[in-house]
Amino acid sequence: MFGLIQTFAFSQTQDLTTLAAGDHVGMNALFDDKDNLYGYVSLYSYGKSGDKTKKFEYVILDKNLNPVANKEFEGDITAASYLGYVDFKGQIILKPSMMDYSLVKSREVFTPVSMVIDPKTNSITRKIYYDYLENGTFKEINEPKSWKEQRKENRDEKKDKGYNYVSAVGELKEGGYFAVEYKDYGKYENNNSLMRFDENKKEVWRYKYNTDGSKKIYSTLSVLERDENYMYCIMKKVNEKQKTFSLLVLDMKTGKEASNKPVTGLSDETIDNIESFYSNYRKLDNDKNFDDKVVLLGRNYDDYEAIGFARMLVDKKNFTADTKIINYEPNISAFLPKLNKNGMVESGYMLQTKDMYFMNDGSVGILSEKYKPAGQYNAPKTTDLVYIYTDKDFKVKNVQVFEKEKSKWVNSDYLFSQYLNGGKDVVFFYRDYQKDEVTKQKRWNLFINTIIDGKFKQEIIPISEKDNYAVTPYVGKEGYILLREYNEKEKFNKIRLEKLNY
C-alpha cells in the first residue's frame, strides 16, 4: 500500500466515487491499435438484476481524465468486473476479467460474454460471436453455454464421429471474417483450413494443410502477423522426430502462397515457441509490426533448456526471416559476470523477463528482474532490475543494473512502461522499499527510468504509507503518470494525473 508524499509541478484530478452511484469494481487504461493511450474506463456494479444478469455502469475518461461518456448496462451474472480495450474498429470492448459464481448454482455456471461500446453513439451491446459449422455455414451465438453443456456436446460428438470438429471465427479490419477449422482426434488433428469470408459470410478463399495428419506425420501453422496484403506464418512439418520450418506468406486477397522459404539458424525448440513468450505464467507482448518488418523475440533453447534469447526479423519486402541469438553466456555475462548459462545469478536468483521493447531499427530492449521462487520454507523474493539493450544486429550493446532492496512475498516490483517520442524511446516504472537517509525510516520510492537515444536517466519520487490511503500507479499519457488514491472506509477514490520531470 502506498501514500503519496511528493508534490508535483502539475496535476489533474478526478473523483471516481462521484462518477457513478454503483460500487467501483475496476479501472484500466485503454490503448488504440497503435499502442497509443486512448483514455480510461472505470466500471461500477449495482448487483443482481435478473436470473442471469447483473447491472453495471461504465464511465469513459479521456487522456486528461475528463469524463466523456457513461451508460448503465446489463451484463452476465457470472461477471464480477470487466477489462476494457480498443479494437481495430475503434470500438471499446469490455472483456470479463473476474468471474463471480456466488449468485448461481454450480450446474448453471457459464462464461460471461464481452460487451461492445460504440463511442460515436455511446451505445453498448453484447458482443456477437459466430460458430463456423462443419456444413460450411455460420451460426450466431447469443447465449453462452454452461461448461456442463459444452462437455456433454463434445463427448457425444466424439462418440458419434470419432473426432471433435473445432473452429473459431474472428472479424477482419479490412472487412469480412476469418476462420480456422480442424478435426481433433485427441492425440492428433488433421484437415486444417484457414478461410476468409466477405461481409456476407461468403467464402473468398480457403487454404488447406495437414490434410492427412497423424500422430507421427503432421503439419502445424502459426500466424505471426498480418496486414491488409499478407499473412506471415510459421509452417512446421513433422515426420517422426524430424522437424522442418518455413516462413509461409499468404496473399490476403487470394489465399495463395506468396512465398514459402526455410527458417534456419535456430533450434527446433526455439522456432517452435517463437510466437509466444511466457514469464511467471504471464504472456508477454513479444512482437511488433512495423511498415517494413515484423520483429519477434523468443527464448533461445538448447535441448529444451532456455539459454538466452532469439530474435526473428521478418522482412516484408523479400519475405525472408533473419534469425539471431544472444545467450546468457557469453553474450550477457560479459556485462553481468555472475550470470550463468541458464540465466541464474547470485544466491539462487534468476533473471525473470518482465517486458520487452522494439525500436524502429530492429534493436531490442529486454527488461528483467532478479527473482527467487518460493521454497518449502521460504517466501518468493525479488531484487535488482536488469535492462539488456541490443543494437540493430541483435548484439548486446549495454546492460544496465538498477539496484533495488529485497522484496519478500511479491513476484515483482516492476509496474509498467510505455513508448516515448513516436516509439523511438522508452520509459518504465518500478517501486522500491528503501531507508530514508534523513529519517532512517523505510519508505516506498517510485523509480521513473527513461531510455532516450540509448541513454539512461532516472527520476525518483518518494511515496510511502500515509493515513491508510493506498496509492496505485497507472500508466498515463506521454510524459505523465496516473496515481489512484484509495481508502475504502472513507469512500475516497481519486485519480491524479501528474507530469513527469524527465
# chains A, B, ... in the order shown; residues from 1 in each chain; ligands from 1

$ select_by_dssp --residues "region 212-415 of chain A" --states "strand (DSSP E)" --output "compact mmCIF listing (two decimals) with C-alpha atoms, in the first residue's frame"
# COMPACT_ATOMS: atom_id res chain seq x y z
CA ILE A 217 3.45 -37.17 -39.52
CA TYR A 218 1.70 -33.81 -39.39
CA SER A 219 1.92 -30.06 -40.07
CA THR A 220 1.08 -27.03 -37.93
CA LEU A 221 0.66 -23.37 -38.85
CA SER A 222 1.26 -20.42 -36.51
CA VAL A 223 0.20 -16.93 -37.61
CA LEU A 224 2.86 -14.40 -36.61
CA GLU A 225 1.31 -11.23 -38.02
CA ARG A 226 -0.90 -9.99 -40.84
CA TYR A 230 -0.20 -10.57 -46.47
CA MET A 231 -0.34 -13.04 -43.63
CA TYR A 232 3.02 -14.12 -42.19
CA CYS A 233 3.11 -17.64 -40.73
CA ILE A 234 5.48 -20.32 -39.49
CA MET A 235 4.77 -23.70 -41.09
CA LYS A 236 6.14 -26.67 -39.16
CA LYS A 237 6.31 -30.11 -40.78
CA VAL A 238 6.99 -33.14 -38.60
CA ASN A 239 7.99 -36.57 -39.88
CA GLN A 242 12.45 -34.73 -37.84
CA LYS A 243 11.14 -31.17 -37.98
CA THR A 244 11.43 -28.51 -40.69
CA PHE A 245 10.23 -24.90 -40.51
CA SER A 246 9.42 -22.31 -43.14
CA LEU A 247 8.18 -18.74 -43.34
CA LEU A 248 4.89 -19.09 -45.20
CA VAL A 249 3.40 -15.87 -46.61
CA LEU A 250 -0.21 -15.96 -47.80
CA ASP A 251 -1.81 -13.36 -50.05
CA GLU A 257 1.20 -18.76 -51.25
CA ALA A 258 3.21 -15.62 -52.00
CA SER A 259 6.35 -17.16 -50.53
CA ASN A 260 7.49 -20.26 -48.64
CA LYS A 261 11.13 -20.10 -47.55
CA PRO A 262 13.01 -22.19 -44.94
CA TYR A 278 5.52 -16.60 -21.10
CA SER A 279 7.11 -15.36 -17.90
CA ARG A 282 2.01 -14.36 -17.82
CA LYS A 283 2.07 -13.94 -21.60
CA ASP A 287 6.42 -8.79 -31.20
CA LYS A 288 5.94 -5.51 -33.02
CA ASN A 289 4.67 -4.85 -36.52
CA LYS A 293 9.21 -5.63 -40.98
CA VAL A 294 7.91 -7.75 -38.14
CA VAL A 295 10.20 -8.24 -35.13
CA LEU A 296 9.72 -11.11 -32.65
CA LEU A 297 11.62 -12.01 -29.51
CA GLY A 298 11.60 -15.52 -28.05
CA ARG A 299 13.68 -17.69 -25.77
CA ASN A 300 16.68 -19.50 -27.21
CA TYR A 301 16.58 -23.19 -26.30
CA ASP A 302 19.27 -25.85 -26.28
CA GLU A 305 16.80 -25.57 -21.70
CA ALA A 306 16.42 -21.79 -22.06
CA ILE A 307 19.93 -20.38 -22.51
CA GLY A 308 19.19 -16.89 -23.84
CA PHE A 309 17.07 -15.00 -26.36
CA ALA A 310 16.34 -15.27 -30.08
CA ARG A 311 15.22 -12.52 -32.44
CA MET A 312 13.38 -13.18 -35.68
CA LEU A 313 13.10 -10.28 -38.11
CA VAL A 314 10.66 -10.84 -40.97
CA ASP A 315 11.37 -8.61 -43.97
CA THR A 320 12.87 -13.57 -45.57
CA ALA A 321 13.35 -14.37 -41.90
CA ASP A 322 16.59 -13.19 -40.34
CA THR A 323 17.38 -15.05 -37.10
CA LYS A 324 19.93 -14.16 -34.45
CA ILE A 325 20.61 -15.19 -30.85
CA ILE A 326 22.19 -13.83 -27.70
CA ASN A 327 22.95 -16.24 -24.86
CA MET A 350 17.20 -15.96 -11.72
CA LEU A 351 16.63 -13.35 -14.38
CA GLN A 352 12.88 -13.24 -14.98
CA THR A 353 11.82 -11.31 -18.08
CA LYS A 354 9.26 -8.61 -17.29
CA ASP A 355 8.92 -6.65 -20.54
CA MET A 356 10.48 -6.05 -23.94
CA TYR A 357 10.75 -3.08 -26.27
CA PHE A 358 11.16 -2.96 -30.05
CA VAL A 364 15.50 -4.67 -28.77
CA GLY A 365 15.40 -3.83 -25.07
CA ILE A 366 14.80 -6.66 -22.57
CA LEU A 367 13.82 -5.77 -19.00
CA SER A 368 14.37 -8.49 -16.40
CA GLU A 369 14.15 -8.73 -12.62
CA LYS A 370 16.16 -10.88 -10.25
CA TYR A 371 13.64 -13.31 -8.82
CA LYS A 372 13.85 -16.20 -6.36
CA LYS A 381 11.80 -12.62 -3.32
CA THR A 382 12.88 -10.02 -5.85
CA THR A 383 15.86 -7.69 -6.04
CA ASP A 384 17.52 -5.71 -8.85
CA LEU A 385 16.10 -4.94 -12.27
CA VAL A 386 18.34 -5.58 -15.27
CA TYR A 387 17.91 -3.87 -18.66
CA ILE A 388 19.58 -5.56 -21.63
CA TYR A 389 19.91 -3.32 -24.69
CA THR A 390 20.88 -4.67 -28.11
CA VAL A 396 24.39 -6.81 -26.66
CA LYS A 397 25.19 -3.11 -26.57
CA ASN A 398 24.77 -2.46 -22.86
CA VAL A 399 23.41 -3.99 -19.66
CA GLN A 400 22.12 -1.58 -17.01
CA VAL A 401 21.55 -2.85 -13.46
CA PHE A 402 19.05 -0.94 -11.29
CA SER A 407 11.20 -7.53 -1.50
CA LYS A 408 9.51 -10.58 0.03
CA TYR A 414 8.11 -3.76 -11.83
CA LEU A 415 4.99 -1.75 -12.64

$ residues_around --residues "Phe447 (chain A)" --least-positions-apart "5" --cutoff "10 Å" --atoms "only C-alpha atoms" --output "VMD selection string"
chain A and resid 402 414 to 415 428 to 432 458 to 462

$ write_last_selection --atoms "N, CA, C and O atoms" --output "CSV table (one decimal), in the first residue's frame"
chain,number,residue,atom,x,y,z
A,402,PHE,N,19.7,-1.9,-12.2
A,402,PHE,CA,19.1,-0.9,-11.3
A,402,PHE,C,19.0,-1.6,-9.9
A,402,PHE,O,18.1,-2.5,-9.7
A,414,TYR,N,8.3,-4.5,-10.6
A,414,TYR,CA,8.1,-3.8,-11.8
A,414,TYR,C,6.6,-3.4,-12.0
A,414,TYR,O,5.8,-4.2,-11.7
A,415,LEU,N,6.4,-2.2,-12.5
A,415,LEU,CA,5.0,-1.7,-12.6
A,415,LEU,C,4.5,-1.8,-14.1
A,415,LEU,O,3.7,-2.6,-14.5
A,428,PHE,N,10.1,3.2,-18.3
A,428,PHE,CA,9.5,2.2,-17.4
A,428,PHE,C,9.5,2.5,-16.0
A,428,PHE,O,10.4,3.3,-15.5
A,429,PHE,N,8.6,2.0,-15.2
A,429,PHE,CA,8.4,2.3,-13.8
A,429,PHE,C,8.5,1.1,-12.9
A,429,PHE,O,8.1,0.0,-13.2
A,430,TYR,N,9.2,1.3,-11.8
A,430,TYR,CA,9.2,0.2,-10.7
A,430,TYR,C,9.2,0.9,-9.4
A,430,TYR,O,9.5,2.1,-9.2
A,431,ARG,N,9.0,0.1,-8.3
A,431,ARG,CA,9.0,0.7,-7.0
A,431,ARG,C,10.0,0.0,-6.1
A,431,ARG,O,10.5,-1.1,-6.5
A,432,ASP,N,10.4,0.6,-5.0
A,432,ASP,CA,11.4,0.0,-4.1
A,432,ASP,C,11.2,0.6,-2.7
A,432,ASP,O,10.8,1.7,-2.5
A,458,GLN,N,17.3,8.5,-14.7
A,458,GLN,CA,16.4,8.0,-13.7
A,458,GLN,C,15.9,9.2,-12.8
A,458,GLN,O,16.6,10.1,-12.4
A,459,GLU,N,14.6,9.2,-12.5
A,459,GLU,CA,14.0,10.1,-11.5
A,459,GLU,C,13.3,9.3,-10.4
A,459,GLU,O,12.7,8.3,-10.7
A,460,ILE,N,13.5,9.8,-9.2
A,460,ILE,CA,12.9,9.0,-8.0
A,460,ILE,C,11.9,9.9,-7.4
A,460,ILE,O,12.2,11.1,-7.0
A,461,ILE,N,10.7,9.4,-7.2
A,461,ILE,CA,9.6,10.1,-6.5
A,461,ILE,C,9.3,9.3,-5.2
A,461,ILE,O,8.9,8.1,-5.2
A,462,PRO,N,9.5,9.9,-4.0
A,462,PRO,CA,9.2,9.2,-2.8
A,462,PRO,C,7.7,9.0,-2.6
A,462,PRO,O,6.9,9.9,-2.7

$ atom_distance --atom1 "CA of Asp285 (chain A)" --atom2 "CA of Lys316 (chain A)"
20.3 Å

$ residues_around --residues "region 121-123 of chain A" --least-positions-apart "2" --cutoff "9 Å" --atoms "only C-alpha atoms" --output "JSON, numbers by chain"
{"A": [69, 70, 71, 116, 117, 118, 119, 125]}

$ atom_distance --atom1 "CA of Arg206 (chain A)" --atom2 "CA of Asn192 (chain A)"
10.1 Å

$ atom_distance --atom1 "CA of Ala179 (chain A)" --atom2 "CA of Thr137 (chain A)"
11.5 Å

$ decode --residues "region 177-193 of chain A" --atoms "N, CA, C and O atoms" --output "mmCIF file, in the first residue's frame"
data_model
loop_
_atom_site.group_PDB
_atom_site.id
_atom_site.type_symbol
_atom_site.label_atom_id
_atom_site.label_comp_id
_atom_site.auth_asym_id
_atom_site.auth_seq_id
_atom_site.Cartn_x
_atom_site.Cartn_y
_atom_site.Cartn_z
ATOM 1 N N TYR A 177 -14.676 -11.724 -42.527
ATOM 2 C CA TYR A 177 -14.347 -12.610 -41.409
ATOM 3 C C TYR A 177 -13.206 -13.544 -41.785
ATOM 4 O O TYR A 177 -12.938 -13.798 -42.953
ATOM 5 N N PHE A 178 -12.584 -14.044 -40.742
ATOM 6 C CA PHE A 178 -11.512 -15.028 -40.892
ATOM 7 C C PHE A 178 -11.843 -16.202 -39.976
ATOM 8 O O PHE A 178 -12.344 -16.012 -38.863
ATOM 9 N N ALA A 179 -11.607 -17.406 -40.450
ATOM 10 C CA ALA A 179 -11.949 -18.585 -39.654
ATOM 11 C C ALA A 179 -10.873 -19.660 -39.793
ATOM 12 O O ALA A 179 -10.151 -19.721 -40.794
ATOM 13 N N VAL A 180 -10.762 -20.476 -38.762
ATOM 14 C CA VAL A 180 -9.897 -21.665 -38.793
ATOM 15 C C VAL A 180 -10.751 -22.870 -38.420
ATOM 16 O O VAL A 180 -11.759 -22.749 -37.711
ATOM 17 N N GLU A 181 -10.361 -24.039 -38.938
ATOM 18 C CA GLU A 181 -11.079 -25.267 -38.605
ATOM 19 C C GLU A 181 -10.122 -26.443 -38.641
ATOM 20 O O GLU A 181 -9.102 -26.413 -39.330
ATOM 21 N N TYR A 182 -10.440 -27.506 -37.871
ATOM 22 C CA TYR A 182 -9.701 -28.760 -37.933
ATOM 23 C C TYR A 182 -10.497 -29.837 -37.208
ATOM 24 O O TYR A 182 -11.465 -29.552 -36.484
ATOM 25 N N LYS A 183 -10.080 -31.074 -37.414
ATOM 26 C CA LYS A 183 -10.680 -32.217 -36.723
ATOM 27 C C LYS A 183 -9.733 -32.672 -35.632
ATOM 28 O O LYS A 183 -8.553 -32.949 -35.888
ATOM 29 N N ASP A 184 -10.242 -32.756 -34.419
ATOM 30 C CA ASP A 184 -9.441 -33.109 -33.244
ATOM 31 C C ASP A 184 -9.760 -34.542 -32.839
ATOM 32 O O ASP A 184 -10.871 -34.858 -32.414
ATOM 33 N N TYR A 185 -8.739 -35.424 -32.984
ATOM 34 C CA TYR A 185 -8.905 -36.827 -32.633
ATOM 35 C C TYR A 185 -8.375 -37.136 -31.236
ATOM 36 O O TYR A 185 -8.332 -38.300 -30.826
ATOM 37 N N GLY A 186 -7.985 -36.130 -30.503
ATOM 38 C CA GLY A 186 -7.456 -36.332 -29.152
ATOM 39 C C GLY A 186 -5.949 -36.292 -29.123
ATOM 40 O O GLY A 186 -5.348 -35.358 -28.592
ATOM 41 N N LYS A 187 -5.297 -37.291 -29.731
ATOM 42 C CA LYS A 187 -3.843 -37.360 -29.733
ATOM 43 C C LYS A 187 -3.231 -36.723 -30.979
ATOM 44 O O LYS A 187 -2.011 -36.587 -31.078
ATOM 45 N N TYR A 188 -4.069 -36.373 -31.930
ATOM 46 C CA TYR A 188 -3.598 -35.677 -33.127
ATOM 47 C C TYR A 188 -4.778 -34.982 -33.783
ATOM 48 O O TYR A 188 -5.933 -35.179 -33.391
ATOM 49 N N GLU A 189 -4.478 -34.151 -34.790
ATOM 50 C CA GLU A 189 -5.519 -33.454 -35.525
ATOM 51 C C GLU A 189 -5.176 -33.443 -37.011
ATOM 52 O O GLU A 189 -4.019 -33.651 -37.394
ATOM 53 N N ASN A 190 -6.173 -33.204 -37.856
ATOM 54 C CA ASN A 190 -5.921 -33.091 -39.286
ATOM 55 C C ASN A 190 -7.040 -32.303 -39.963
ATOM 56 O O ASN A 190 -7.942 -31.801 -39.310
ATOM 57 N N ASN A 191 -6.946 -32.221 -41.303
ATOM 58 C CA ASN A 191 -7.902 -31.468 -42.107
ATOM 59 C C ASN A 191 -8.033 -30.006 -41.634
ATOM 60 O O ASN A 191 -9.135 -29.497 -41.440
ATOM 61 N N ASN A 192 -6.876 -29.376 -41.498
ATOM 62 C CA ASN A 192 -6.850 -27.976 -41.071
ATOM 63 C C ASN A 192 -7.088 -27.040 -42.254
ATOM 64 O O ASN A 192 -6.638 -27.310 -43.361
ATOM 65 N N SER A 193 -7.782 -25.940 -41.985
ATOM 66 C CA SER A 193 -8.021 -24.926 -43.015
ATOM 67 C C SER A 193 -7.998 -23.531 -42.411
ATOM 68 O O SER A 193 -8.457 -23.324 -41.280
#
